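One file, work04.txt, is given below (compact mmCIF, C-alpha atoms (C1' of nucleotides)).
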# COMPACT_ATOMS: atom_id res chain seq x y z
CA MET Z 1 0.53 -24.78 -35.24
CA PHE Z 2 -2.46 -22.59 -34.59
CA VAL Z 3 -4.83 -23.10 -31.68
CA VAL Z 4 -8.40 -22.27 -32.55
CA MET Z 5 -10.20 -20.34 -29.84
CA ALA Z 6 -13.79 -21.22 -29.13
CA GLY Z 7 -16.07 -19.02 -27.04
CA ARG Z 8 -16.85 -15.36 -26.94
CA PRO Z 9 -13.92 -13.21 -28.00
CA ARG Z 10 -12.68 -10.60 -25.56
CA GLU Z 11 -13.79 -7.09 -26.25
CA PHE Z 12 -10.58 -5.31 -25.22
CA ASP Z 13 -7.01 -5.30 -26.45
CA ARG Z 14 -4.91 -7.30 -24.03
CA GLY Z 15 -1.73 -5.43 -24.87
CA LYS Z 16 -3.28 -2.00 -24.49
CA ALA Z 17 -4.89 -2.99 -21.21
CA LEU Z 18 -1.53 -4.23 -19.94
CA LYS Z 19 0.07 -0.94 -20.89
CA GLN Z 20 -2.57 0.94 -18.93
CA ALA Z 21 -1.93 -1.27 -15.91
CA MET Z 22 1.80 -0.62 -16.23
CA ASP Z 23 1.23 3.12 -16.31
CA LEU Z 24 -0.88 3.00 -13.17
CA PHE Z 25 1.52 0.80 -11.21
CA TRP Z 26 4.33 2.99 -12.46
CA SER Z 27 2.89 6.21 -11.11
CA GLN Z 28 1.28 4.89 -7.93
CA GLY Z 29 3.11 1.75 -6.90
CA TYR Z 30 1.67 -1.68 -6.19
CA GLU Z 31 0.07 -1.31 -2.78
CA ALA Z 32 -1.49 2.07 -3.49
CA THR Z 33 -3.20 0.81 -6.65
CA GLY Z 34 -6.52 -0.94 -6.19
CA VAL Z 35 -8.12 -3.46 -8.50
CA ALA Z 36 -11.17 -1.26 -9.05
CA GLU Z 37 -8.84 1.57 -10.06
CA LEU Z 38 -7.03 -0.78 -12.44
CA CYS Z 39 -10.32 -1.83 -14.02
CA ASP Z 40 -11.29 1.79 -14.60
CA HIS Z 41 -7.96 2.75 -16.08
CA MET Z 42 -7.67 -0.37 -18.21
CA GLY Z 43 -11.26 -0.21 -19.42
CA VAL Z 44 -11.80 -3.82 -18.38
CA GLY Z 45 -14.36 -5.46 -16.14
CA ARG Z 46 -13.35 -6.97 -12.86
CA GLN Z 47 -13.92 -10.57 -13.84
CA SER Z 48 -12.29 -10.04 -17.21
CA LEU Z 49 -9.19 -8.78 -15.46
CA TYR Z 50 -9.02 -11.90 -13.31
CA ASN Z 51 -9.77 -14.20 -16.24
CA THR Z 52 -7.10 -12.61 -18.39
CA PHE Z 53 -4.29 -11.84 -15.97
CA GLY Z 54 -4.86 -14.13 -12.98
CA ASP Z 55 -4.73 -11.84 -9.99
CA LYS Z 56 -3.32 -8.47 -9.02
CA GLN Z 57 0.18 -9.75 -8.36
CA ALA Z 58 0.35 -11.68 -11.63
CA LEU Z 59 -0.81 -8.57 -13.45
CA PHE Z 60 1.91 -6.61 -11.75
CA VAL Z 61 4.55 -9.12 -12.82
CA GLU Z 62 3.37 -8.83 -16.41
CA ALA Z 63 3.40 -5.05 -16.11
CA LEU Z 64 6.96 -5.20 -14.85
CA GLU Z 65 8.01 -7.39 -17.76
CA HIS Z 66 6.31 -5.03 -20.15
CA TYR Z 67 8.21 -2.17 -18.56
CA ARG Z 68 11.47 -4.02 -19.10
CA ASP Z 69 10.63 -4.58 -22.75
CA VAL Z 70 9.61 -1.03 -23.58
CA GLN Z 71 11.74 1.06 -21.21
CA ILE Z 72 14.87 -0.85 -20.27
CA ALA Z 73 15.52 -2.90 -23.38
CA PRO Z 74 16.01 0.19 -25.58
CA MET Z 75 18.75 1.42 -23.27
CA ILE Z 76 20.44 -1.96 -23.40
CA GLU Z 77 20.24 -1.90 -27.18
CA VAL Z 78 21.99 1.44 -27.28
CA LEU Z 79 24.78 0.04 -25.14
CA SER Z 80 25.06 -3.03 -27.32
CA ALA Z 81 25.16 -1.17 -30.62
CA PRO Z 82 28.27 -1.70 -32.77
CA GLY Z 83 30.93 0.97 -32.83
CA SER Z 84 32.45 2.84 -29.94
CA GLY Z 85 31.55 1.41 -26.55
CA LEU Z 86 32.30 4.72 -24.88
CA ALA Z 87 30.12 6.57 -27.35
CA ASN Z 88 27.30 4.18 -26.52
CA VAL Z 89 27.66 4.92 -22.83
CA HIS Z 90 27.61 8.63 -23.56
CA GLN Z 91 24.52 8.13 -25.64
CA VAL Z 92 22.78 6.63 -22.62
CA LEU Z 93 23.87 9.64 -20.60
CA ASP Z 94 22.30 11.77 -23.32
CA MET Z 95 19.09 9.81 -23.00
CA TRP Z 96 19.04 10.36 -19.25
CA GLN Z 97 19.58 14.06 -19.64
CA ASP Z 98 17.03 14.42 -22.41
CA GLY Z 99 14.44 12.51 -20.38
CA ALA Z 100 15.10 14.53 -17.21
CA GLY Z 101 11.92 16.13 -15.93
CA LYS Z 102 9.75 14.45 -18.52
CA GLN Z 103 8.76 11.33 -16.65
CA ALA Z 104 9.43 12.98 -13.34
CA LYS Z 105 6.02 12.05 -12.04
CA ALA Z 106 6.57 8.32 -12.23
CA GLY Z 107 10.30 7.77 -11.98
CA CYS Z 108 11.21 4.22 -12.95
CA LEU Z 109 8.94 1.27 -12.29
CA MET Z 110 11.96 -0.94 -11.61
CA ALA Z 111 13.50 1.41 -9.04
CA ASN Z 112 10.11 2.08 -7.46
CA SER Z 113 9.46 -1.64 -7.16
CA ILE Z 114 12.83 -2.37 -5.60
CA ALA Z 115 12.13 0.32 -3.04
CA GLU Z 116 8.60 -0.92 -2.41
CA PHE Z 117 9.26 -4.64 -2.14
CA GLY Z 118 12.91 -5.05 -1.25
CA ILE Z 119 13.34 -8.72 -0.47
CA ARG Z 120 9.86 -9.17 0.98
CA GLU Z 121 8.52 -10.95 -2.09
CA PRO Z 122 11.18 -13.42 -3.22
CA LYS Z 123 9.55 -14.00 -6.60
CA LEU Z 124 9.61 -10.32 -7.39
CA SER Z 125 13.08 -9.88 -5.95
CA ARG Z 126 14.45 -12.44 -8.35
CA ARG Z 127 12.91 -10.69 -11.30
CA LEU Z 128 14.09 -7.29 -10.18
CA ARG Z 129 17.58 -8.59 -9.57
CA ALA Z 130 17.62 -10.11 -13.03
CA MET Z 131 16.61 -6.78 -14.51
CA LEU Z 132 19.33 -4.99 -12.60
CA CYS Z 133 21.89 -7.55 -13.74
CA GLY Z 134 20.76 -7.05 -17.30
CA VAL Z 135 21.53 -3.36 -17.04
CA GLU Z 136 24.84 -4.03 -15.33
CA ASP Z 137 25.89 -6.54 -17.98
CA ALA Z 138 25.05 -4.19 -20.82
CA PHE Z 139 27.13 -1.42 -19.30
CA ARG Z 140 29.96 -3.83 -18.56
CA ALA Z 141 30.08 -5.10 -22.12
CA ALA Z 142 30.16 -1.57 -23.49
CA LEU Z 143 32.83 -0.51 -21.02
CA GLU Z 144 34.96 -3.56 -21.72
CA ARG Z 145 34.90 -2.77 -25.39
CA ALA Z 146 35.77 0.83 -24.60
CA ARG Z 147 38.75 -0.24 -22.54
CA ASP Z 148 39.95 -2.80 -25.08
CA ASP Z 149 39.71 -0.17 -27.80
CA GLY Z 150 41.77 2.27 -25.76
CA GLU Z 151 38.88 4.62 -25.06
CA LEU Z 152 39.36 4.01 -21.36
CA PRO Z 153 42.60 3.47 -19.42
CA ASP Z 154 43.78 -0.11 -19.11
CA ALA Z 155 43.35 0.16 -15.37
CA ALA Z 156 39.63 0.82 -15.71
CA GLU Z 157 37.50 -1.89 -14.17
CA PRO Z 158 34.44 -2.32 -16.37
CA ARG Z 159 32.55 -4.50 -13.93
CA LYS Z 160 32.82 -2.09 -11.04
CA LEU Z 161 32.19 0.86 -13.28
CA ALA Z 162 29.14 -0.87 -14.72
CA ARG Z 163 27.78 -1.27 -11.21
CA LEU Z 164 28.24 2.43 -10.63
CA PHE Z 165 26.26 3.20 -13.76
CA ALA Z 166 23.49 0.79 -12.82
CA THR Z 167 23.36 2.36 -9.37
CA LEU Z 168 23.31 5.82 -10.88
CA ALA Z 169 20.35 4.84 -13.03
CA GLN Z 170 18.33 3.91 -9.95
CA GLY Z 171 19.38 7.08 -8.16
CA LEU Z 172 18.45 9.29 -11.08
CA ALA Z 173 15.03 7.69 -11.31
CA THR Z 174 14.50 8.31 -7.61
CA VAL Z 175 15.61 11.92 -7.32
CA GLY Z 176 13.92 12.59 -10.65
CA ARG Z 177 10.57 12.17 -8.94
CA LEU Z 178 11.24 15.27 -6.87
CA ASP Z 179 12.82 17.19 -9.75
CA PRO Z 180 10.13 18.32 -12.19
CA SER Z 181 12.47 20.86 -13.79
CA GLY Z 182 15.06 18.18 -14.51
CA MET Z 183 17.95 20.40 -13.45
CA PHE Z 184 19.05 18.15 -10.61
CA VAL Z 185 19.18 15.13 -12.87
CA ARG Z 186 20.95 16.98 -15.67
CA ASP Z 187 23.61 18.28 -13.28
CA ALA Z 188 24.23 14.85 -11.83
CA VAL Z 189 24.57 13.27 -15.26
CA GLU Z 190 26.85 16.04 -16.46
CA SER Z 191 29.12 15.44 -13.49
CA MET Z 192 29.25 11.78 -14.29
CA ARG Z 193 30.06 12.54 -17.90
CA ARG Z 194 32.99 14.74 -16.90
CA LEU Z 195 34.37 12.28 -14.40
CA LEU Z 196 34.40 9.70 -17.13
CA GLN Z 197 36.68 11.73 -19.37
CA MET L 1 9.17 27.26 32.23
CA PHE L 2 7.81 23.84 33.03
CA VAL L 3 4.33 22.71 32.11
CA VAL L 4 2.79 20.43 34.68
CA MET L 5 0.88 17.56 33.16
CA ALA L 6 -2.30 16.52 34.80
CA GLY L 7 -3.99 13.23 34.07
CA ARG L 8 -2.81 9.68 33.82
CA PRO L 9 0.78 9.41 32.60
CA ARG L 10 1.46 7.33 29.52
CA GLU L 11 2.85 3.89 30.13
CA PHE L 12 5.19 3.75 27.15
CA ASP L 13 8.25 5.67 26.04
CA ARG L 14 7.24 8.00 23.23
CA GLY L 15 10.72 8.06 21.72
CA LYS L 16 11.14 4.31 21.74
CA ALA L 17 7.70 3.81 20.24
CA LEU L 18 8.56 6.28 17.48
CA LYS L 19 11.76 4.40 16.75
CA GLN L 20 9.80 1.17 16.42
CA ALA L 21 7.41 2.86 14.02
CA MET L 22 10.33 4.16 11.99
CA ASP L 23 11.82 0.68 11.75
CA LEU L 24 8.55 -0.77 10.51
CA PHE L 25 7.92 1.95 7.92
CA TRP L 26 11.54 1.63 6.91
CA SER L 27 11.37 -2.05 6.13
CA GLN L 28 7.84 -2.24 4.76
CA GLY L 29 6.92 1.16 3.40
CA TYR L 30 3.91 3.29 4.26
CA GLU L 31 1.06 1.61 2.42
CA ALA L 32 2.08 -1.93 3.32
CA THR L 33 2.19 -1.12 7.03
CA GLY L 34 -1.11 -1.28 8.92
CA VAL L 35 -2.03 0.54 12.09
CA ALA L 36 -2.66 -2.74 13.92
CA GLU L 37 0.81 -3.88 12.90
CA LEU L 38 2.27 -0.62 14.14
CA CYS L 39 0.53 -1.02 17.48
CA ASP L 40 1.96 -4.51 17.90
CA HIS L 41 5.47 -3.48 16.97
CA MET L 42 5.41 -0.30 19.03
CA GLY L 43 3.82 -1.95 22.03
CA VAL L 44 1.11 0.69 22.12
CA GLY L 45 -2.66 0.49 22.10
CA ARG L 46 -4.62 1.76 19.16
CA GLN L 47 -6.17 4.71 20.90
CA SER L 48 -2.87 5.62 22.55
CA LEU L 49 -1.27 5.74 19.15
CA TYR L 50 -3.92 8.11 17.83
CA ASN L 51 -3.81 10.23 21.00
CA THR L 52 -0.04 10.51 20.90
CA PHE L 53 0.76 10.80 17.22
CA GLY L 54 -2.45 11.98 15.56
CA ASP L 55 -2.98 9.59 12.71
CA LYS L 56 -0.99 7.21 10.54
CA GLN L 57 0.32 9.87 8.21
CA ALA L 58 1.38 12.19 11.04
CA LEU L 59 3.17 9.26 12.65
CA PHE L 60 4.92 8.59 9.37
CA VAL L 61 6.05 12.21 9.12
CA GLU L 62 7.50 12.00 12.60
CA ALA L 63 9.18 8.71 11.72
CA LEU L 64 10.71 10.35 8.66
CA GLU L 65 12.01 13.25 10.73
CA HIS L 66 13.44 10.81 13.23
CA TYR L 67 15.13 9.00 10.37
CA ARG L 68 16.67 12.25 9.23
CA ASP L 69 17.99 12.96 12.70
CA VAL L 70 19.54 9.57 13.35
CA GLN L 71 20.57 8.40 9.86
CA ILE L 72 21.13 11.37 7.62
CA ALA L 73 22.37 14.00 10.07
CA PRO L 74 25.47 11.96 11.00
CA MET L 75 26.49 11.82 7.36
CA ILE L 76 26.03 15.56 7.03
CA GLU L 77 28.12 16.07 10.15
CA VAL L 78 30.94 14.06 8.64
CA LEU L 79 30.84 16.24 5.55
CA SER L 80 30.80 19.40 7.64
CA ALA L 81 33.67 18.41 9.89
CA PRO L 82 36.70 20.73 9.87
CA GLY L 83 39.79 19.75 7.92
CA SER L 84 40.00 18.37 4.43
CA GLY L 85 36.75 18.57 2.49
CA LEU L 86 37.88 15.83 0.16
CA ALA L 87 38.77 13.59 3.08
CA ASN L 88 35.29 14.15 4.48
CA VAL L 89 33.75 13.05 1.20
CA HIS L 90 35.94 9.98 1.18
CA GLN L 91 34.88 9.25 4.73
CA VAL L 92 31.27 9.20 3.59
CA LEU L 93 32.25 6.79 0.84
CA ASP L 94 33.84 4.67 3.56
CA MET L 95 30.61 4.73 5.51
CA TRP L 96 28.66 3.61 2.46
CA GLN L 97 31.04 0.76 1.81
CA ASP L 98 31.14 -0.32 5.44
CA GLY L 99 27.37 -0.29 5.65
CA ALA L 100 26.93 -2.25 2.42
CA GLY L 101 24.87 -5.38 2.98
CA LYS L 102 24.13 -4.54 6.59
CA GLN L 103 20.89 -2.65 6.19
CA ALA L 104 20.22 -4.32 2.90
CA LYS L 105 16.78 -5.40 4.02
CA ALA L 106 15.47 -1.90 4.49
CA GLY L 107 17.46 0.34 2.20
CA CYS L 108 16.92 3.98 3.07
CA LEU L 109 13.61 5.32 4.36
CA MET L 110 14.12 8.54 2.44
CA ALA L 111 14.77 6.84 -0.89
CA ASN L 112 11.96 4.37 -0.29
CA SER L 113 9.57 7.18 0.49
CA ILE L 114 10.50 9.17 -2.60
CA ALA L 115 9.85 6.09 -4.67
CA GLU L 116 6.58 5.33 -2.90
CA PHE L 117 5.05 8.80 -2.89
CA GLY L 118 6.71 10.76 -5.65
CA ILE L 119 4.78 13.99 -5.90
CA ARG L 120 1.44 12.47 -4.95
CA GLU L 121 1.49 13.85 -1.42
CA PRO L 122 2.70 17.46 -1.66
CA LYS L 123 3.31 17.75 2.08
CA LEU L 124 5.60 14.74 2.04
CA SER L 125 7.23 15.80 -1.20
CA ARG L 126 8.29 19.07 0.34
CA ARG L 127 9.84 17.34 3.28
CA LEU L 128 11.61 14.79 1.14
CA ARG L 129 12.91 17.50 -1.15
CA ALA L 130 14.19 19.42 1.84
CA MET L 131 16.02 16.31 3.04
CA LEU L 132 17.56 15.78 -0.37
CA CYS L 133 18.65 19.41 -0.53
CA GLY L 134 20.23 19.03 2.87
CA VAL L 135 22.37 16.20 1.59
CA GLU L 136 23.20 18.09 -1.57
CA ASP L 137 24.21 21.21 0.34
CA ALA L 138 26.46 19.28 2.69
CA PHE L 139 28.27 17.65 -0.22
CA ARG L 140 28.52 20.96 -2.03
CA ALA L 141 30.06 22.72 0.94
CA ALA L 142 32.62 19.96 1.38
CA LEU L 143 33.43 19.92 -2.32
CA GLU L 144 33.75 23.69 -2.48
CA ARG L 145 36.23 23.61 0.34
CA ALA L 146 38.07 20.81 -1.39
CA ARG L 147 38.29 22.82 -4.60
CA ASP L 148 39.31 26.03 -2.83
CA ASP L 149 42.02 24.11 -0.98
CA GLY L 150 43.37 22.68 -4.21
CA GLU L 151 42.21 19.14 -3.49
CA LEU L 152 40.09 19.29 -6.63
CA PRO L 153 40.83 20.99 -9.95
CA ASP L 154 39.67 24.59 -10.27
CA ALA L 155 37.35 23.48 -13.05
CA ALA L 156 35.46 21.17 -10.73
CA GLU L 157 31.83 22.17 -10.24
CA PRO L 158 30.90 21.47 -6.64
CA ARG L 159 27.19 21.98 -7.10
CA LYS L 160 26.85 19.58 -9.97
CA LEU L 161 29.18 17.12 -8.33
CA ALA L 162 27.19 17.34 -5.11
CA ARG L 163 24.06 16.44 -7.03
CA LEU L 164 25.82 13.41 -8.40
CA PHE L 165 26.73 12.31 -4.89
CA ALA L 166 23.21 12.86 -3.62
CA THR L 167 21.87 10.88 -6.56
CA LEU L 168 24.38 8.14 -5.92
CA ALA L 169 23.24 7.90 -2.31
CA GLN L 170 19.67 7.20 -3.43
CA GLY L 171 20.84 4.68 -5.98
CA LEU L 172 23.01 2.81 -3.51
CA ALA L 173 20.14 2.57 -1.06
CA THR L 174 17.93 1.17 -3.80
CA VAL L 175 20.24 -1.43 -5.30
CA GLY L 176 21.40 -2.27 -1.79
CA ARG L 177 18.01 -3.82 -1.11
CA LEU L 178 18.76 -6.51 -3.68
CA ASP L 179 22.39 -6.91 -2.63
CA PRO L 180 22.60 -8.77 0.67
CA SER L 181 26.30 -9.52 0.15
CA GLY L 182 27.08 -5.86 -0.33
CA MET L 183 29.45 -6.53 -3.23
CA PHE L 184 27.41 -4.56 -5.74
CA VAL L 185 27.35 -1.50 -3.51
CA ARG L 186 31.04 -1.76 -2.65
CA ASP L 187 32.01 -2.01 -6.30
CA ALA L 188 29.90 1.00 -7.23
CA VAL L 189 31.38 3.10 -4.44
CA GLU L 190 34.90 2.03 -5.29
CA SER L 191 34.36 3.14 -8.87
CA MET L 192 33.13 6.49 -7.68
CA ARG L 193 36.14 6.83 -5.43
CA ARG L 194 38.54 6.20 -8.30
CA LEU L 195 36.77 8.56 -10.67
CA LEU L 196 37.11 11.26 -8.07
CA GLN L 197 40.90 11.00 -8.00
C1' DG A 1 -11.28 13.52 49.25
C1' DA A 2 -13.39 15.79 45.05
C1' DT A 3 -12.65 17.16 40.45
C1' DA A 4 -10.39 17.73 36.15
C1' DT A 5 -7.42 15.73 32.94
C1' DT A 6 -5.14 12.26 30.39
C1' DA A 7 -4.16 7.19 29.16
C1' DT A 8 -5.75 2.62 28.38
C1' DT A 9 -8.93 -0.89 26.83
C1' DG A 10 -12.09 -3.20 23.77
C1' DA A 11 -15.60 -2.92 20.75
C1' DC A 12 -17.15 -1.17 16.52
C1' DA A 13 -18.34 1.84 12.57
C1' DG A 14 -17.82 2.74 7.70
C1' DA A 15 -15.22 2.05 3.90
C1' DT A 16 -12.31 -0.46 0.93
C1' DC A 17 -9.52 -4.40 -0.03
C1' DG A 18 -8.76 -8.64 -3.30
C1' DT A 19 -11.35 -12.30 -4.93
C1' DT A 20 -15.23 -15.22 -6.46
C1' DC A 21 -20.02 -16.72 -7.62
C1' DA A 22 -23.89 -16.80 -10.73
C1' DA A 23 -26.27 -15.49 -14.62
C1' DG A 24 -26.31 -13.78 -19.21
C1' DT A 25 -24.01 -13.20 -23.91
C1' DA A 26 -21.29 -14.06 -27.97
C1' DT A 27 -18.63 -17.09 -30.59
C1' DT A 28 -16.83 -21.90 -32.55
C1' DG A 29 -17.27 -26.62 -34.04
C1' DA A 30 -20.31 -30.43 -34.88
C1' DT B 1 -29.51 -25.93 -34.61
C1' DC B 2 -27.30 -27.30 -30.49
C1' DA B 3 -23.73 -28.11 -27.24
C1' DA B 4 -19.33 -26.43 -25.69
C1' DT B 5 -16.52 -22.70 -24.61
C1' DA B 6 -14.98 -18.21 -23.26
C1' DC B 7 -16.01 -13.34 -22.06
C1' DT B 8 -18.98 -9.82 -19.63
C1' DT B 9 -21.80 -8.01 -16.10
C1' DG B 10 -23.18 -7.15 -11.45
C1' DA B 11 -23.65 -8.61 -7.03
C1' DA B 12 -21.65 -10.34 -3.15
C1' DC B 13 -18.12 -12.46 0.03
C1' DG B 14 -15.05 -12.33 3.98
C1' DA B 15 -11.18 -9.94 5.41
C1' DT B 16 -8.86 -5.94 6.46
C1' DC B 17 -8.35 -1.01 6.49
C1' DT B 18 -8.22 3.67 9.16
C1' DG B 19 -10.28 6.01 12.61
C1' DT B 20 -13.62 6.70 16.68
C1' DC B 21 -16.81 5.93 20.64
C1' DA B 22 -17.58 4.78 25.39
C1' DA B 23 -16.14 3.09 29.59
C1' DT B 24 -12.50 2.45 32.88
C1' DA B 25 -8.06 3.62 35.25
C1' DA B 26 -4.49 6.57 36.95
C1' DT B 27 -2.54 10.87 37.92
C1' DA B 28 -2.39 16.29 39.38
C1' DT B 29 -4.50 20.20 41.46
C1' DC B 30 -7.64 22.30 44.62
Would you write the structure of this file as structure tokens?
Amino acid sequence: MFVVMAGRPREFDRGKALKQAMDLFWSQGYEATGVAELCDHMGVGRQSLYNTFGDKQALFVEALEHYRDVQIAPMIEVLSAPGSGLANVHQVLDMWQDGAGKQAKAGCLMANSIAEFGIREPKLSRRLRAMLCGVEDAFRAALERARDDGELPDAAEPRKLARLFATLAQGLATVGRLDPSGMFVRDAVESMRRLLQ
Amino acid sequence: MFVVMAGRPREFDRGKALKQAMDLFWSQGYEATGVAELCDHMGVGRQSLYNTFGDKQALFVEALEHYRDVQIAPMIEVLSAPGSGLANVHQVLDMWQDGAGKQAKAGCLMANSIAEFGIREPKLSRRLRAMLCGVEDAFRAALERARDDGELPDAAEPRKLARLFATLAQGLATVGRLDPSGMFVRDAVESMRRLLQ
DNA sequence: GATATTATTGACAGATCGTTCAAGTATTGA
DNA sequence: TCAATACTTGAACGATCTGTCAATAATATC
């Protein structure tokens, strides 16, 4: 099944334009980013933006989904990798420490969006909650395996612990915005690592 | 020394108006809150607002300082109270668990502001960083006392642990916005409590 | 009571917001 | 070649934004 497209072909790469939009929303937030600014940064005309993505909010939703695919999914894959569940968790801690200070300017689009919208936009809230649950579930699965394999005490509660990790992720993204050196984030993660042992 | 004020006295309570402004910024963020909306909510005319507070950004700075005084300072006082440092930390954990779900709609004005502004507004960034350091220092002092009193192992690193707690505070405020029941937050805090023992 | 000072009120300026209309352009299928 | 379709360009829309001007009202000091 292949739908033939009639009409003038678009002159820009939809995926690349979406990535540019994601970057801008990521660093500035939704409200502070104007459509004209998006057009400039995406290299797309105003009308083309509306034709292709609907409106500003729809574009933001797509940007958020793109963020999930390129930024959050890799972390979930690490947690879901075969082998030691505990090692997977530690690998995520490594990733957090290695990334400290690098993307300090933007933080995390998911955390920023939760802070910006809260429950004001139900549609967005549902998506954000689903993303958060995805992170929680990945940690929980890894921690359950760790416990079942004897890497964690039997009394460990993977679900509650997973929620701590998911919470920590949001906190790190937030304080990371004020921490260009990355020391604050690295110290926090190192503490978490030691508490886990 | 008492300065006599000539001229027509203002008809509203400056402190109460500021509290209203704080509440609105708290629940909606800076960009999403308009001056007209602020006037309505504060019960103050437009020109009176500008006369009294300068402009929108100056009003926001005052609102942030007010937030620090009424929301963050009490937590710092708990940590600084005499007696067991570890007990003080646990009391803060109690406060977080008790408050879970209550102020879910708004989260934390400090965390929201870090997410909204990042390092875009240097003046605000400095203030936010100072607030974060205040929290960190209070935790560190309590944890140092706890370690010195044998409530924590000698190998414990209060500074790094304090940064974990400060990070956790931001994370809890963030995920709390999507967690009206408060269960997520309570689970995360309970995990932290157990790891600490 | 006269004057200086400050607060309130309502209108409004200038810019920017998100969105759409209209006209022109490039491609496909007949 | 011609109609149909989709994208691009540029102007424009109405609404809303932050901030200010000008006039009026209420207080303190002289």
Using only C-alpha atoms (C1' of nucleotides), find each residue in chain B having at least one atom no more than 12 Å away from chain Z; report its shortest atom-to-atom pair and that distance in Å (one decimal), rows by chain then rising number, as a tab-separated table.
residue	atom	partner	partner_atom	distance
B:DA3	C1'	Z:Gly7	CA	11.9
B:DA4	C1'	Z:Gly7	CA	8.2
B:DT5	C1'	Z:Gly7	CA	4.4
B:DA6	C1'	Z:Gly7	CA	4.0
B:DC7	C1'	Z:Arg8	CA	5.3
B:DT8	C1'	Z:Ser48	CA	7.1
B:DT9	C1'	Z:Gly45	CA	7.9
B:DG10	C1'	Z:Arg46	CA	9.9
B:DA11	C1'	Z:Arg46	CA	11.9
What separation in Å, quoted to one decimal, exists between atom CA of Leu124 of chain Z and atom CA of Glu31 of chain Z?
-> 13.9 Å
Provide an axis-aligned box for all listed atoms of segment 21-31 of chain L, padding each side by 6 Å; report its centre and its edge lengths in Å to one decimal, as JSON.
{"center_x": 6.4, "center_y": 1.0, "center_z": 8.2, "size_x": 22.8, "size_y": 18.4, "size_z": 23.6}
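Interatomic distance, atom CA of Gly85 of chain Z against atom CA of Ala142 of chain Z: 4.5 Å.
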Find the residues around Gly83 of chain L up to 10 Å (all atoms listed in the file counted), leave out those fewer than 5 positions away in its own chain, and share them as a CSV table (one decimal) with C-alpha atoms, in the frame of the given file.
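Written output follows (result-v4.csv):
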chain,number,residue,atom,x,y,z
L,88,ASN,CA,35.3,14.2,4.5
L,142,ALA,CA,32.6,20.0,1.4
L,145,ARG,CA,36.2,23.6,0.3
L,146,ALA,CA,38.1,20.8,-1.4
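Of the listed residues Z:Thr33, Z:Gln28, Z:Ser181, Z:Gln97, the one whose atoms come nearest to chain A is Z:Thr33, with distances taken using only C-alpha atoms (C1' of nucleotides).
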At most 10 Å to chain Z: residues in chain A, all atoms listed in the file, as a PyMOL selection string | chain A and resi 16-20+25-29
Grab the residues selected above and save them as a compact mmCIF listing (two decimals), in the frame of the given file with C-alpha atoms (C1' of nucleotides).
# COMPACT_ATOMS: atom_id res chain seq x y z
C1' DT A 16 -12.31 -0.46 0.93
C1' DC A 17 -9.52 -4.40 -0.03
C1' DG A 18 -8.76 -8.64 -3.30
C1' DT A 19 -11.35 -12.30 -4.93
C1' DT A 20 -15.23 -15.22 -6.46
C1' DT A 25 -24.01 -13.20 -23.91
C1' DA A 26 -21.29 -14.06 -27.97
C1' DT A 27 -18.63 -17.09 -30.59
C1' DT A 28 -16.83 -21.90 -32.55
C1' DG A 29 -17.27 -26.62 -34.04
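Shell of Ala58 of chain L at 12 Å, with all atoms listed in the file counted and residues fewer than 3 places along the chain excluded, is Leu18, Ala21, Tyr30, Leu49, Tyr50, Asn51, Thr52, Phe53, Gly54, Asp55, Val61, Glu62, Ala63, Leu64, Glu65, Lys123 and Leu124 of chain L.
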Requested write-out: C-alpha atoms of the selected residues, as an mmCIF file, keeping the file's coordinate frame:
data_model
loop_
_atom_site.group_PDB
_atom_site.id
_atom_site.type_symbol
_atom_site.label_atom_id
_atom_site.label_comp_id
_atom_site.auth_asym_id
_atom_site.auth_seq_id
_atom_site.Cartn_x
_atom_site.Cartn_y
_atom_site.Cartn_z
ATOM 1 C CA LEU L 18 8.560 6.280 17.480
ATOM 2 C CA ALA L 21 7.410 2.860 14.020
ATOM 3 C CA TYR L 30 3.910 3.290 4.260
ATOM 4 C CA LEU L 49 -1.270 5.740 19.150
ATOM 5 C CA TYR L 50 -3.920 8.110 17.830
ATOM 6 C CA ASN L 51 -3.810 10.230 21.000
ATOM 7 C CA THR L 52 -0.040 10.510 20.900
ATOM 8 C CA PHE L 53 0.760 10.800 17.220
ATOM 9 C CA GLY L 54 -2.450 11.980 15.560
ATOM 10 C CA ASP L 55 -2.980 9.590 12.710
ATOM 11 C CA VAL L 61 6.050 12.210 9.120
ATOM 12 C CA GLU L 62 7.500 12.000 12.600
ATOM 13 C CA ALA L 63 9.180 8.710 11.720
ATOM 14 C CA LEU L 64 10.710 10.350 8.660
ATOM 15 C CA GLU L 65 12.010 13.250 10.730
ATOM 16 C CA LYS L 123 3.310 17.750 2.080
ATOM 17 C CA LEU L 124 5.600 14.740 2.040
#
With a distance cut-off of 12 Å and all atoms listed in the file, select the neighbouring residues of Asp154 of chain Z, excluding the residue or stretch itself and same-chain residues fewer than 4 positions from it, and output the selection as number ranges by chain.
-> Z: 143-150, 158
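Take the candidates L:Met42, L:Ile114, L:Val175, L:Leu109 and check each one against Met131 of chain Z using all atoms listed in the file; the shortest distance goes to L:Val175.
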When you get a sec, could you note down which chain Z residues fall within 8 Å of chain L, using all atoms listed in the file, as a PyMOL selection string?
-> chain Z and resi 28-29+31-32+105-107+111-112+114-119+125+129+157+160-165+167-172+174-175+177-178+184-185+187-192+195-196
